[in-house]
>>> print(open('structure-v6.cif').read())   # mmCIF, C-alpha atoms and all ligand atoms
data_data
loop_
_atom_site.label_atom_id
_atom_site.label_comp_id
_atom_site.auth_asym_id
_atom_site.auth_seq_id
_atom_site.Cartn_x
_atom_site.Cartn_y
_atom_site.Cartn_z
CA MET J 14 147.48 96.11 137.68
CA LYS J 15 144.99 97.56 135.22
CA LYS J 16 141.52 96.11 135.72
CA HIS J 17 138.75 96.37 133.17
CA GLU J 18 135.18 95.84 134.37
CA ILE J 19 133.05 94.54 131.57
CA ALA J 20 129.35 93.74 131.34
CA VAL J 21 128.74 90.59 129.33
CA ILE J 22 125.47 89.81 127.52
CA PRO J 23 125.73 86.51 125.61
CA GLY J 24 122.13 86.97 124.38
CA ASP J 25 120.56 84.36 122.13
CA GLY J 26 121.50 81.41 119.95
CA ILE J 27 125.16 81.12 119.07
CA GLY J 28 125.85 84.24 121.15
CA LYS J 29 125.76 81.78 124.07
CA GLU J 30 128.28 79.56 122.27
CA VAL J 31 130.84 82.12 121.10
CA VAL J 32 130.91 84.51 124.06
CA PRO J 33 132.35 82.07 126.66
CA PRO J 34 135.33 81.12 124.44
CA ALA J 35 135.99 84.79 123.69
CA LEU J 36 136.05 85.51 127.44
CA GLU J 37 138.48 82.62 127.84
CA VAL J 38 140.70 84.24 125.22
CA LEU J 39 140.59 87.56 127.11
CA HIS J 40 141.49 85.81 130.37
CA THR J 41 144.38 84.13 128.59
CA ILE J 42 145.58 87.48 127.28
CA ALA J 43 145.50 88.89 130.81
CA GLU J 44 147.47 85.87 132.02
CA VAL J 45 150.08 86.30 129.30
CA HIS J 46 150.35 90.05 129.78
CA GLY J 47 150.62 90.10 133.57
CA GLY J 48 149.69 93.72 134.31
CA LEU J 49 146.12 93.40 133.14
CA SER J 50 142.93 91.78 134.36
CA PHE J 51 139.30 91.55 133.33
CA GLU J 52 136.26 91.29 135.55
CA PHE J 53 133.22 90.03 133.68
CA THR J 54 129.68 90.42 135.01
CA GLU J 55 127.21 88.38 133.04
CA PHE J 56 123.59 89.33 132.34
CA PRO J 57 121.08 86.77 130.98
CA TRP J 58 119.08 89.32 128.96
CA SER J 59 117.74 87.61 125.87
CA CYS J 60 114.60 86.23 124.23
CA ASP J 61 114.46 83.51 126.88
CA TYR J 62 114.55 86.24 129.50
CA TYR J 63 111.67 87.92 127.65
CA LEU J 64 109.53 84.78 127.83
CA GLU J 65 109.99 84.72 131.58
CA HIS J 66 109.79 88.44 132.37
CA GLY J 67 107.91 90.03 129.47
CA GLU J 68 110.82 92.33 128.68
CA MET J 69 114.26 91.91 127.14
CA MET J 70 116.03 93.57 130.05
CA PRO J 71 114.86 94.82 133.45
CA GLU J 72 113.57 98.37 133.91
CA ASP J 73 116.83 99.48 135.47
CA GLY J 74 118.98 97.55 132.95
CA ILE J 75 120.43 100.64 131.34
CA GLU J 76 121.27 102.09 134.75
CA THR J 77 123.01 98.85 135.69
CA LEU J 78 125.11 98.78 132.54
CA GLN J 79 126.11 102.41 132.90
CA ASN J 80 128.66 101.59 135.60
CA PHE J 81 130.75 99.35 133.37
CA GLU J 82 133.68 100.36 131.23
CA ALA J 83 132.41 98.40 128.24
CA ILE J 84 129.71 95.96 127.17
CA PHE J 85 130.61 92.71 125.41
CA LEU J 86 127.61 91.29 123.59
CA GLY J 87 127.01 88.10 121.60
CA ALA J 88 123.84 88.30 119.53
CA VAL J 89 120.19 89.07 120.08
CA GLY J 90 117.24 87.46 118.35
CA ASN J 91 115.17 84.33 118.32
CA PRO J 92 112.34 84.99 115.89
CA SER J 93 110.67 81.66 116.67
CA ILE J 94 109.70 82.95 120.12
CA VAL J 95 109.98 86.78 120.00
CA PRO J 96 109.52 88.97 116.91
CA ASP J 97 112.82 90.52 115.84
CA HIS J 98 111.67 94.12 116.11
CA VAL J 99 110.69 93.48 119.74
CA SER J 100 113.92 91.73 120.75
CA LEU J 101 116.33 94.01 118.89
CA TRP J 102 114.65 97.27 119.94
CA GLY J 103 114.20 95.97 123.50
CA LEU J 104 117.87 95.26 124.07
CA LEU J 105 120.47 95.93 121.40
CA LEU J 106 119.06 99.15 119.99
CA LYS J 107 118.05 100.33 123.44
CA ILE J 108 121.66 100.10 124.55
CA ARG J 109 123.00 101.73 121.38
CA ARG J 110 120.57 104.65 121.70
CA ASN J 111 120.68 105.22 125.46
CA PHE J 112 124.46 105.13 125.54
CA GLU J 113 124.76 107.40 122.52
CA GLN J 114 126.83 104.84 120.66
CA SER J 115 126.60 106.97 117.59
CA ILE J 116 129.30 105.22 115.57
CA ASN J 117 129.61 101.62 114.55
CA ILE J 118 132.95 100.54 113.10
CA ARG J 119 133.42 97.31 111.21
CA PRO J 120 136.63 96.26 109.52
CA ALA J 121 136.94 93.69 106.73
CA GLN J 122 140.29 92.58 105.44
CA TYR J 123 142.07 89.86 103.60
CA PHE J 124 142.71 87.13 106.13
CA LYS J 125 145.55 84.65 105.84
CA GLY J 126 144.19 81.15 105.29
CA LEU J 127 140.65 82.20 104.57
CA ARG J 128 138.93 81.06 101.45
CA SER J 129 136.88 83.93 100.09
CA PRO J 130 134.00 83.06 97.78
CA LEU J 131 135.63 85.45 95.33
CA THR J 132 137.90 83.63 92.93
CA ASN J 133 140.69 86.14 93.17
CA PRO J 134 140.41 88.39 96.21
CA ASN J 135 143.33 90.74 96.38
CA ASP J 136 144.85 92.00 99.55
CA PHE J 137 142.04 94.18 100.82
CA ASP J 138 141.79 96.07 104.11
CA LEU J 139 138.79 98.30 104.56
CA ILE J 140 136.75 99.65 107.43
CA VAL J 141 133.18 100.86 107.42
CA VAL J 142 132.12 103.66 109.75
CA ARG J 143 128.40 103.37 110.14
CA GLU J 144 126.21 106.11 111.59
CA ASN J 145 124.59 104.21 114.43
CA SER J 146 121.99 106.36 116.12
CA GLU J 147 119.52 107.64 113.54
CA GLY J 148 119.06 107.52 109.78
CA GLU J 149 116.77 104.88 108.38
CA TYR J 150 116.56 103.07 111.74
CA SER J 151 114.17 105.43 113.47
CA GLU J 152 111.08 104.86 115.54
CA ILE J 153 109.24 107.65 113.77
CA GLY J 154 106.28 106.64 111.67
CA GLY J 155 103.29 104.43 112.14
CA ARG J 156 100.62 102.19 110.72
CA ILE J 157 97.09 103.21 110.00
CA HIS J 158 93.84 101.71 108.62
CA ARG J 159 93.00 98.07 108.07
CA ASN J 160 92.95 95.46 105.37
CA GLU J 161 93.27 96.78 101.82
CA ASN J 162 93.52 100.35 103.13
CA GLU J 163 96.29 99.57 105.57
CA MET J 164 99.43 101.64 105.22
CA ALA J 165 102.75 102.16 106.97
CA ILE J 166 105.03 105.17 107.05
CA GLN J 167 108.62 104.99 108.21
CA ASN J 168 110.58 108.22 108.50
CA ALA J 169 114.33 108.45 108.14
CA VAL J 170 116.02 110.98 110.40
CA PHE J 171 119.27 112.64 109.39
CA THR J 172 120.66 115.38 111.63
CA ARG J 173 123.62 117.55 110.75
CA LYS J 174 125.18 116.55 114.08
CA GLY J 175 124.72 112.83 113.47
CA CYS J 176 126.04 112.87 109.91
CA GLU J 177 128.92 115.12 110.78
CA SER J 178 130.10 113.12 113.74
CA ALA J 179 130.17 109.88 111.73
CA MET J 180 131.99 111.64 108.91
CA ARG J 181 134.58 113.28 111.18
CA TYR J 182 135.26 109.94 112.85
CA ALA J 183 135.75 108.41 109.40
CA PHE J 184 138.04 111.23 108.23
CA ASP J 185 140.16 110.93 111.39
CA LEU J 186 140.45 107.21 110.80
CA ALA J 187 141.35 107.72 107.12
CA GLU J 188 144.07 110.17 108.13
CA ARG J 189 145.64 107.45 110.28
CA ARG J 190 145.23 104.83 107.56
CA ASN J 191 145.55 105.13 103.79
CA LYS J 192 144.00 108.57 103.44
CA HIS J 193 141.04 107.67 101.34
CA LEU J 194 137.38 108.02 102.28
CA THR J 195 134.32 106.91 100.32
CA SER J 196 130.91 108.29 101.21
CA ALA J 197 127.96 105.96 100.59
CA THR J 198 125.10 107.91 99.09
CA LYS J 199 121.95 107.43 97.05
CA SER J 200 121.14 111.00 96.18
CA ASN J 201 119.87 109.95 92.78
CA GLY J 202 116.98 108.03 94.33
CA ILE J 203 116.40 109.31 97.84
CA PHE J 204 115.17 112.83 97.42
CA HIS J 205 115.75 114.64 100.72
CA THR J 206 118.06 112.87 103.11
CA MET J 207 120.81 111.75 100.75
CA PRO J 208 121.41 115.14 99.10
CA PHE J 209 121.57 116.48 102.67
CA TRP J 210 124.11 113.78 103.58
CA ASP J 211 126.15 114.75 100.51
CA SER J 212 126.08 118.44 101.38
CA VAL J 213 127.31 117.77 104.92
CA PHE J 214 130.08 115.58 103.49
CA ASP J 215 131.12 118.35 101.09
CA VAL J 216 131.51 120.80 103.96
CA VAL J 217 133.28 118.44 106.37
CA LYS J 218 135.83 117.29 103.81
CA ASN J 219 137.31 120.79 103.60
CA ASP J 220 138.77 120.23 107.07
CA TYR J 221 140.71 117.16 105.88
CA PRO J 222 142.76 118.23 102.87
CA LYS J 223 145.07 115.21 103.18
CA VAL J 224 142.26 112.73 102.66
CA GLU J 225 141.17 111.91 99.14
CA THR J 226 137.41 111.41 98.87
CA ASN J 227 134.74 110.13 96.58
CA SER J 228 131.00 109.53 96.82
CA SER J 229 129.46 106.37 95.48
CA HIS J 230 125.83 105.34 95.17
CA ILE J 231 125.10 102.47 97.49
CA ASP J 232 124.01 100.07 94.75
CA ALA J 233 127.23 100.52 92.78
CA LEU J 234 129.23 100.57 95.99
CA ALA J 235 127.76 97.21 97.02
CA ALA J 236 128.85 95.79 93.67
CA PHE J 237 132.37 97.24 94.04
CA PHE J 238 132.66 95.70 97.51
CA VAL J 239 132.39 92.36 95.77
CA SER J 240 134.36 93.07 92.59
CA GLN J 241 137.14 95.35 93.90
CA PRO J 242 137.31 95.35 97.70
CA GLU J 243 141.00 96.30 97.51
CA LYS J 244 140.02 99.73 96.12
CA PHE J 245 138.63 100.85 99.49
CA ASP J 246 140.17 102.25 102.64
CA VAL J 247 137.51 103.87 104.87
CA ILE J 248 133.83 104.06 103.97
CA VAL J 249 131.30 106.24 105.80
CA ALA J 250 127.67 105.24 105.54
CA SER J 251 124.25 105.82 107.03
CA ASN J 252 122.80 103.29 109.43
CA LEU J 253 121.05 101.07 106.86
CA PHE J 254 123.67 101.36 104.13
CA GLY J 255 126.43 100.60 106.64
CA ASP J 256 124.53 97.61 107.95
CA ILE J 257 124.21 96.10 104.49
CA LEU J 258 127.75 96.93 103.36
CA THR J 259 129.30 95.31 106.41
CA ASP J 260 127.49 92.03 105.87
CA ILE J 261 128.91 92.06 102.35
CA GLY J 262 132.34 92.84 103.82
CA GLY J 263 132.01 89.78 106.04
CA ALA J 264 130.94 87.59 103.15
CA VAL J 265 133.85 88.80 100.99
CA MET J 266 136.27 87.90 103.77
CA GLY J 267 134.89 84.38 103.69
CA SER J 268 132.11 84.29 106.27
CA ILE J 269 129.99 86.65 108.28
CA GLY J 270 131.07 84.47 111.21
CA ILE J 271 134.44 86.23 111.43
CA ALA J 272 133.37 89.89 111.12
CA PRO J 273 133.74 92.07 114.24
CA ALA J 274 132.12 95.36 115.23
CA ALA J 275 132.28 98.11 117.83
CA ASN J 276 129.57 100.55 118.87
CA ILE J 277 131.42 103.59 120.07
CA ASN J 278 130.23 106.22 122.52
CA LEU J 279 132.13 109.30 121.42
CA ASN J 280 131.55 111.64 124.35
CA GLY J 281 132.97 109.22 126.92
CA GLN J 282 129.88 109.51 129.12
CA TYR J 283 128.67 105.96 128.61
CA PRO J 284 130.19 102.57 127.90
CA SER J 285 130.85 101.47 124.34
CA MET J 286 129.57 98.08 123.21
CA PHE J 287 131.43 95.37 121.33
CA GLU J 288 129.54 92.74 119.34
CA PRO J 289 130.22 90.75 116.18
CA VAL J 290 128.40 91.56 112.95
CA HIS J 291 126.60 88.24 112.81
CA GLY J 292 123.35 87.41 114.55
CA SER J 293 122.20 84.47 116.67
CA ALA J 294 122.28 82.00 113.72
CA PRO J 295 119.35 79.81 114.83
CA ASP J 296 120.10 77.45 111.91
CA ILE J 297 123.34 76.22 113.50
CA TYR J 298 122.68 76.88 117.18
CA GLY J 299 123.33 73.93 119.48
CA LYS J 300 125.69 72.11 117.14
CA GLY J 301 128.89 73.54 118.58
CA ILE J 302 130.10 74.58 115.15
CA ALA J 303 129.64 78.36 115.30
CA ASN J 304 132.74 80.23 114.25
CA PRO J 305 134.10 82.00 117.36
CA VAL J 306 136.44 84.25 115.36
CA GLY J 307 133.92 87.10 114.91
CA GLN J 308 133.44 87.28 118.67
CA ILE J 309 137.17 86.94 119.37
CA TRP J 310 138.12 89.59 116.81
CA THR J 311 135.48 91.76 118.50
CA ALA J 312 137.42 91.24 121.74
CA LYS J 313 140.45 92.57 119.86
CA MET J 314 138.50 95.74 119.01
CA MET J 315 137.68 96.10 122.69
CA LEU J 316 141.39 95.81 123.52
CA ASP J 317 142.08 98.58 120.99
CA HIS J 318 139.44 100.68 122.72
CA PHE J 319 141.28 100.14 126.02
CA ASN J 320 144.46 101.41 124.31
CA GLU J 321 145.95 97.92 124.28
CA GLU J 322 146.61 97.98 120.54
CA GLU J 323 149.78 95.93 120.76
CA LEU J 324 147.98 93.07 122.49
CA GLY J 325 145.19 93.38 119.96
CA GLU J 326 147.63 93.02 117.08
CA LYS J 327 149.15 89.93 118.68
CA LEU J 328 145.72 88.40 119.06
CA LEU J 329 144.82 89.09 115.43
CA ASP J 330 148.10 87.50 114.31
CA VAL J 331 147.36 84.38 116.35
CA ILE J 332 143.82 84.15 114.92
CA GLN J 333 145.22 84.34 111.38
CA GLU J 334 147.88 81.69 112.07
CA VAL J 335 145.30 79.32 113.51
CA ILE J 336 143.05 79.73 110.47
CA ALA J 337 146.02 79.40 108.11
CA ASP J 338 146.88 76.10 109.83
CA ASP J 339 143.41 74.87 108.93
CA ILE J 340 142.04 74.92 112.44
CA LYS J 341 138.72 76.39 111.46
CA THR J 342 134.97 75.88 111.49
CA ALA J 343 132.74 74.63 108.68
CA ASP J 344 131.56 78.08 107.52
CA ILE J 345 135.11 78.76 106.30
CA GLY J 346 135.77 75.30 104.96
CA GLY J 347 137.09 73.55 108.06
CA LYS J 348 135.96 70.69 110.26
CA CYS J 349 136.69 72.02 113.74
CA THR J 350 134.26 72.84 116.51
CA THR J 351 133.89 76.23 118.19
CA ASP J 352 135.89 75.01 121.18
CA GLU J 353 138.70 73.47 119.15
CA VAL J 354 139.32 76.78 117.42
CA SER J 355 139.24 78.88 120.56
CA THR J 356 141.31 76.41 122.58
CA GLU J 357 143.98 76.52 119.90
CA ILE J 358 143.95 80.32 119.96
CA CYS J 359 144.40 80.25 123.76
CA ASN J 360 147.20 77.69 123.56
CA ARG J 361 149.12 79.74 121.04
CA LEU J 362 148.63 82.90 123.10
CA ARG J 363 150.07 81.10 126.13
CA ALA J 364 153.03 80.00 124.03
CA LEU J 365 153.85 83.68 123.46
CA LYS J 366 154.54 84.16 127.16
P1 LIG U 1 122.78 85.56 111.23
O1 LIG U 1 123.99 86.40 111.17
O2 LIG U 1 122.38 85.06 112.55
O3 LIG U 1 122.97 84.31 110.24
C1 LIG U 1 123.16 84.45 108.84
C2 LIG U 1 123.86 83.18 108.28
O4 LIG U 1 125.24 83.22 108.68
C3 LIG U 1 123.29 81.89 108.85
O5 LIG U 1 123.30 80.91 107.85
C4 LIG U 1 124.26 81.53 109.96
O6 LIG U 1 124.36 80.14 110.20
C5 LIG U 1 125.58 82.09 109.45
N1 LIG U 1 126.42 82.51 110.57
C6 LIG U 1 126.28 83.64 111.31
N2 LIG U 1 127.21 83.70 112.26
C7 LIG U 1 127.96 82.59 112.14
C8 LIG U 1 129.09 82.07 112.85
N3 LIG U 1 129.62 82.73 113.90
N4 LIG U 1 129.61 80.90 112.45
C9 LIG U 1 129.10 80.23 111.40
N5 LIG U 1 128.04 80.67 110.68
C10 LIG U 1 127.48 81.84 111.05
O7 LIG U 1 121.59 86.42 110.59
P2 LIG U 1 120.03 86.06 110.47
O8 LIG U 1 119.85 84.61 110.22
O9 LIG U 1 119.50 87.05 109.52
O10 LIG U 1 119.43 86.44 111.88
C11 LIG U 1 119.20 85.51 112.94
C12 LIG U 1 118.77 86.27 114.17
O11 LIG U 1 119.83 87.13 114.63
C13 LIG U 1 117.57 87.20 113.94
O12 LIG U 1 116.79 87.19 115.09
C14 LIG U 1 118.22 88.56 113.74
O13 LIG U 1 117.38 89.63 114.04
C15 LIG U 1 119.36 88.47 114.71
N6 LIG U 1 120.48 89.38 114.42
C16 LIG U 1 121.06 89.97 115.48
C17 LIG U 1 122.15 90.78 115.32
C18 LIG U 1 122.79 91.35 116.53
O14 LIG U 1 122.54 90.93 117.64
N7 LIG U 1 123.67 92.31 116.37
C19 LIG U 1 122.70 91.05 114.00
C20 LIG U 1 122.05 90.32 112.92
C21 LIG U 1 120.96 89.52 113.16
MG MG U 2 123.43 93.52 110.16
#
>>> encode(input="structure-v6.cif", output="structure tokens")
Amino acid sequence: MKKHEIAVIPGDGIGKEVVPPALEVLHTIAEVHGGLSFEFTEFPWSCDYYLEHGEMMPEDGIETLQNFEAIFLGAVGNPSIVPDHVSLWGLLLKIRRNFEQSINIRPAQYFKGLRSPLTNPNDFDLIVVRENSEGEYSEIGGRIHRNENEMAIQNAVFTRKGCESAMRYAFDLAERRNKHLTSATKSNGIFHTMPFWDSVFDVVKNDYPKVETNSSHIDALAAFFVSQPEKFDVIVASNLFGDILTDIGGAVMGSIGIAPAANINLNGQYPSMFEPVHGSAPDIYGKGIANPVGQIWTAKMMLDHFNEEELGEKLLDVIQEVIADDIKTADIGGKCTTDEVSTEICNRLRALK
């Protein structure tokens, strides 16, 4: 019996509504499979936790998480009680940085039964590899002076190591997929870091002669994501560019509520973390209508990470069938609740037994 020990952080808002059904799905998969089990340990770290304790996670939180094989997270953020930069940096980004989760991968693909806002979305299947540890999301900089003299400086940090490791991961992925890689740049506007990014890309690509490449400025690339998503295979992007592109990817699929993500620790020293692209969606929290598919597809990415790709594929098939049969939440044009969707997914998984 293979047992996976997973730390679970539902977090805030709809994270608390979509994580429990996703865990139920994982339990169901274990039940169907037989030789597999999951042990979930839940942590209440969130904005509510902050109100009580003055911090998003305890002092030894990182140490505690270190012993798990993976972290399964919902969403963090409740700007009505804790400013976003405090909550995100105090929990999500702290985990990503401390556990050297230097890559964030986010697929977007044509999904059976989903109504995309595009009038004629072709069969697209792309995946964004986002540099996840540096770039534009750095703590370097500061604010100085007051009133009309006030100013803020935010430094972007691009290291050869950071760029290269994201690019190599993306090239390896492209080699296993359709052998095309697009690099997101903006070297016509960003004077130092983006030409550097381009130069690293130009060197790294020599090691992957089988992969066709191109570089595209982020503004044009964002437009192409909408107009021609089927033209892409793998895209490698800096932290900020990848963040924005993947929200577009989610929207093009039909809703950000279905988009999954994985934060990967490449050196195997720390756990990787799995969390959907969407946030805590305060506007729909408490109504029971959050789409659980993003969180459940994220569970599929965790299965892939555990080398259970076959089970992951089965799960993705079941999700698509359920959506195609119109069992879906309002964000993708349905009338079902969170629980109705996830219960149906579990029932159909059990039927596979
Ligand atoms: P959001 O992703 O929470 O919501 C954007 C829009 O998408 C909202 O209209 C929401 O109702 C909808 N939506 C999102 N997920 C959905 C789902 N599963 N089903 C149906 N509809 C869904 O982004 P927003 O509003 O910018 O941020 C809200 C909070 O979440 C903020 O505190 C933000 O910092 C945080 N956040 C956290 C992330 C994380 O934990 N990784 C990622 C993005 C935002
Ligand atoms: Mg985002």
>>> residues_near_ligand(input="structure-v6.cif", ligand="ligand MG 2 (chain U)", cutoff="9 Å", atoms="only C-alpha atoms and all ligand atoms", output="list in words")
Leu253, Gly255, Asp256, Ile257, Leu258, Thr259, Asp260, Val290, His291 and Gly292 of chain J
>>> atom_distance(input="structure-v6.cif", atom1="CA of Lys16 (chain J)", atom2="CA of Ser50 (chain J)")
4.8 Å
>>> atom_distance(input="structure-v6.cif", atom1="CA of Phe85 (chain J)", atom2="CA of His46 (chain J)")
20.4 Å
>>> atom_distance(input="structure-v6.cif", atom1="CA of Ala169 (chain J)", atom2="CA of Tyr150 (chain J)")
6.8 Å
>>> closest_residue(input="structure-v6.cif", among="J:Gly301, J:Gly270, J:Pro33, J:Gly281", to="ligand LIG 1 (chain U)", atoms="only C-alpha atoms and all ligand atoms")
J:Gly270
>>> residues_around(input="structure-v6.cif", residues="Phe245 (chain J)", least_positions_apart="4", cutoff="10 Å", atoms="all atoms listed in the file", output="list in words")
Phe137, Asp138, Leu139, Ile140, Val141, Asn191, His193, Leu194, Thr195, Phe237, Phe238 and Gln241 of chain J
>>> write_last_selection(input="structure-v6.cif", atoms="C-alpha atoms", output="short mmCIF file (atom, residue, chain, number, x, y, z; two decimals), in the coordinates of the input")
data_model
loop_
_atom_site.label_atom_id
_atom_site.label_comp_id
_atom_site.auth_asym_id
_atom_site.auth_seq_id
_atom_site.Cartn_x
_atom_site.Cartn_y
_atom_site.Cartn_z
CA PHE J 137 142.04 94.18 100.82
CA ASP J 138 141.79 96.07 104.11
CA LEU J 139 138.79 98.30 104.56
CA ILE J 140 136.75 99.65 107.43
CA VAL J 141 133.18 100.86 107.42
CA ASN J 191 145.55 105.13 103.79
CA HIS J 193 141.04 107.67 101.34
CA LEU J 194 137.38 108.02 102.28
CA THR J 195 134.32 106.91 100.32
CA PHE J 237 132.37 97.24 94.04
CA PHE J 238 132.66 95.70 97.51
CA GLN J 241 137.14 95.35 93.90
#
>>> axis_aligned_box(input="structure-v6.cif", around="ligand LIG 1 (chain U)", padding_each_side="3 Å", output="AutoDock Vina command-line options")
--center_x 123.2 --center_y 86.2 --center_z 112.7 --size_x 18.8 --size_y 18.2 --size_z 15.8
>>> closest_residue(input="structure-v6.cif", among="J:Tyr182, J:Tyr63, J:Trp310, J:Phe209", to="Leu36 (chain J)", atoms="all atoms listed in the file")
J:Trp310
>>> closest_residue(input="structure-v6.cif", among="J:Gln282, J:Ser196, J:Thr206, J:Thr350", to="ligand LIG 1 (chain U)", atoms="all atoms listed in the file")
J:Thr350
>>> residues_around(input="structure-v6.cif", residues="Asn168 (chain J)", least_positions_apart="3", cutoff="12 Å", atoms="all atoms listed in the file", output="VMD selection string")
chain J and resid 147 to 156 165 171 205 to 206
>>> build_atoms(input="structure-v6.cif", residues="region 69-91 of chain J", atoms="N, CA and C atoms", output="PDB file, in the frame of the given file")
ATOM      1  N   MET J  69     112.949  92.430 127.527  1.00  0.00           N
ATOM      2  CA  MET J  69     114.260  91.910 127.140  1.00  0.00           C
ATOM      3  C   MET J  69     115.321  92.183 128.205  1.00  0.00           C
ATOM      4  N   MET J  70     115.129  93.266 128.935  1.00  0.00           N
ATOM      5  CA  MET J  70     116.030  93.570 130.050  1.00  0.00           C
ATOM      6  C   MET J  70     115.212  94.266 131.135  1.00  0.00           C
ATOM      7  N   PRO J  71     115.658  94.205 132.401  1.00  0.00           N
ATOM      8  CA  PRO J  71     114.860  94.820 133.450  1.00  0.00           C
ATOM      9  C   PRO J  71     114.776  96.353 133.281  1.00  0.00           C
ATOM     10  N   GLU J  72     113.806  96.916 133.927  1.00  0.00           N
ATOM     11  CA  GLU J  72     113.570  98.370 133.910  1.00  0.00           C
ATOM     12  C   GLU J  72     114.856  99.170 134.137  1.00  0.00           C
ATOM     13  N   ASP J  73     115.618  98.716 135.125  1.00  0.00           N
ATOM     14  CA  ASP J  73     116.830  99.480 135.470  1.00  0.00           C
ATOM     15  C   ASP J  73     118.083  98.931 134.753  1.00  0.00           C
ATOM     16  N   GLY J  74     117.859  98.162 133.675  1.00  0.00           N
ATOM     17  CA  GLY J  74     118.980  97.550 132.950  1.00  0.00           C
ATOM     18  C   GLY J  74     120.013  98.542 132.471  1.00  0.00           C
ATOM     19  N   ILE J  75     119.518  99.630 131.890  1.00  0.00           N
ATOM     20  CA  ILE J  75     120.430 100.640 131.340  1.00  0.00           C
ATOM     21  C   ILE J  75     121.264 101.253 132.468  1.00  0.00           C
ATOM     22  N   GLU J  76     120.570 101.527 133.585  1.00  0.00           N
ATOM     23  CA  GLU J  76     121.270 102.090 134.750  1.00  0.00           C
ATOM     24  C   GLU J  76     122.372 101.150 135.231  1.00  0.00           C
ATOM     25  N   THR J  77     122.044  99.852 135.244  1.00  0.00           N
ATOM     26  CA  THR J  77     123.010  98.850 135.690  1.00  0.00           C
ATOM     27  C   THR J  77     124.237  98.842 134.796  1.00  0.00           C
ATOM     28  N   LEU J  78     123.996  98.886 133.487  1.00  0.00           N
ATOM     29  CA  LEU J  78     125.110  98.780 132.540  1.00  0.00           C
ATOM     30  C   LEU J  78     126.015 100.011 132.573  1.00  0.00           C
ATOM     31  N   GLN J  79     125.413 101.124 132.949  1.00  0.00           N
ATOM     32  CA  GLN J  79     126.110 102.410 132.900  1.00  0.00           C
ATOM     33  C   GLN J  79     127.421 102.423 133.693  1.00  0.00           C
ATOM     34  N   ASN J  80     127.475 101.566 134.724  1.00  0.00           N
ATOM     35  CA  ASN J  80     128.660 101.590 135.600  1.00  0.00           C
ATOM     36  C   ASN J  80     129.834 100.811 135.035  1.00  0.00           C
ATOM     37  N   PHE J  81     129.653 100.153 133.911  1.00  0.00           N
ATOM     38  CA  PHE J  81     130.750  99.350 133.370  1.00  0.00           C
ATOM     39  C   PHE J  81     131.571 100.150 132.365  1.00  0.00           C
ATOM     40  N   GLU J  82     132.791  99.671 132.160  1.00  0.00           N
ATOM     41  CA  GLU J  82     133.680 100.360 131.230  1.00  0.00           C
ATOM     42  C   GLU J  82     133.297 100.037 129.781  1.00  0.00           C
ATOM     43  N   ALA J  83     132.799  98.815 129.586  1.00  0.00           N
ATOM     44  CA  ALA J  83     132.410  98.400 128.240  1.00  0.00           C
ATOM     45  C   ALA J  83     131.376  97.287 128.344  1.00  0.00           C
ATOM     46  N   ILE J  84     130.684  97.057 127.244  1.00  0.00           N
ATOM     47  CA  ILE J  84     129.710  95.960 127.170  1.00  0.00           C
ATOM     48  C   ILE J  84     130.161  95.019 126.057  1.00  0.00           C
ATOM     49  N   PHE J  85     130.187  93.732 126.376  1.00  0.00           N
ATOM     50  CA  PHE J  85     130.610  92.710 125.410  1.00  0.00           C
ATOM     51  C   PHE J  85     129.389  91.847 125.128  1.00  0.00           C
ATOM     52  N   LEU J  86     128.889  91.941 123.903  1.00  0.00           N
ATOM     53  CA  LEU J  86     127.610  91.290 123.590  1.00  0.00           C
ATOM     54  C   LEU J  86     127.760  90.228 122.509  1.00  0.00           C
ATOM     55  N   GLY J  87     126.982  89.155 122.624  1.00  0.00           N
ATOM     56  CA  GLY J  87     127.010  88.100 121.600  1.00  0.00           C
ATOM     57  C   GLY J  87     126.060  88.441 120.465  1.00  0.00           C
ATOM     58  N   ALA J  88     124.827  87.990 120.555  1.00  0.00           N
ATOM     59  CA  ALA J  88     123.840  88.300 119.530  1.00  0.00           C
ATOM     60  C   ALA J  88     122.455  88.264 120.156  1.00  0.00           C
ATOM     61  N   VAL J  89     121.555  89.012 119.570  1.00  0.00           N
ATOM     62  CA  VAL J  89     120.190  89.070 120.080  1.00  0.00           C
ATOM     63  C   VAL J  89     119.230  88.647 118.977  1.00  0.00           C
ATOM     64  N   GLY J  90     118.283  87.816 119.308  1.00  0.00           N
ATOM     65  CA  GLY J  90     117.240  87.460 118.350  1.00  0.00           C
ATOM     66  C   GLY J  90     116.934  85.985 118.332  1.00  0.00           C
ATOM     67  N   ASN J  91     115.650  85.690 118.509  1.00  0.00           N
ATOM     68  CA  ASN J  91     115.170  84.330 118.320  1.00  0.00           C
ATOM     69  C   ASN J  91     113.749  84.432 117.786  1.00  0.00           C
TER      70      ASN J  91
END
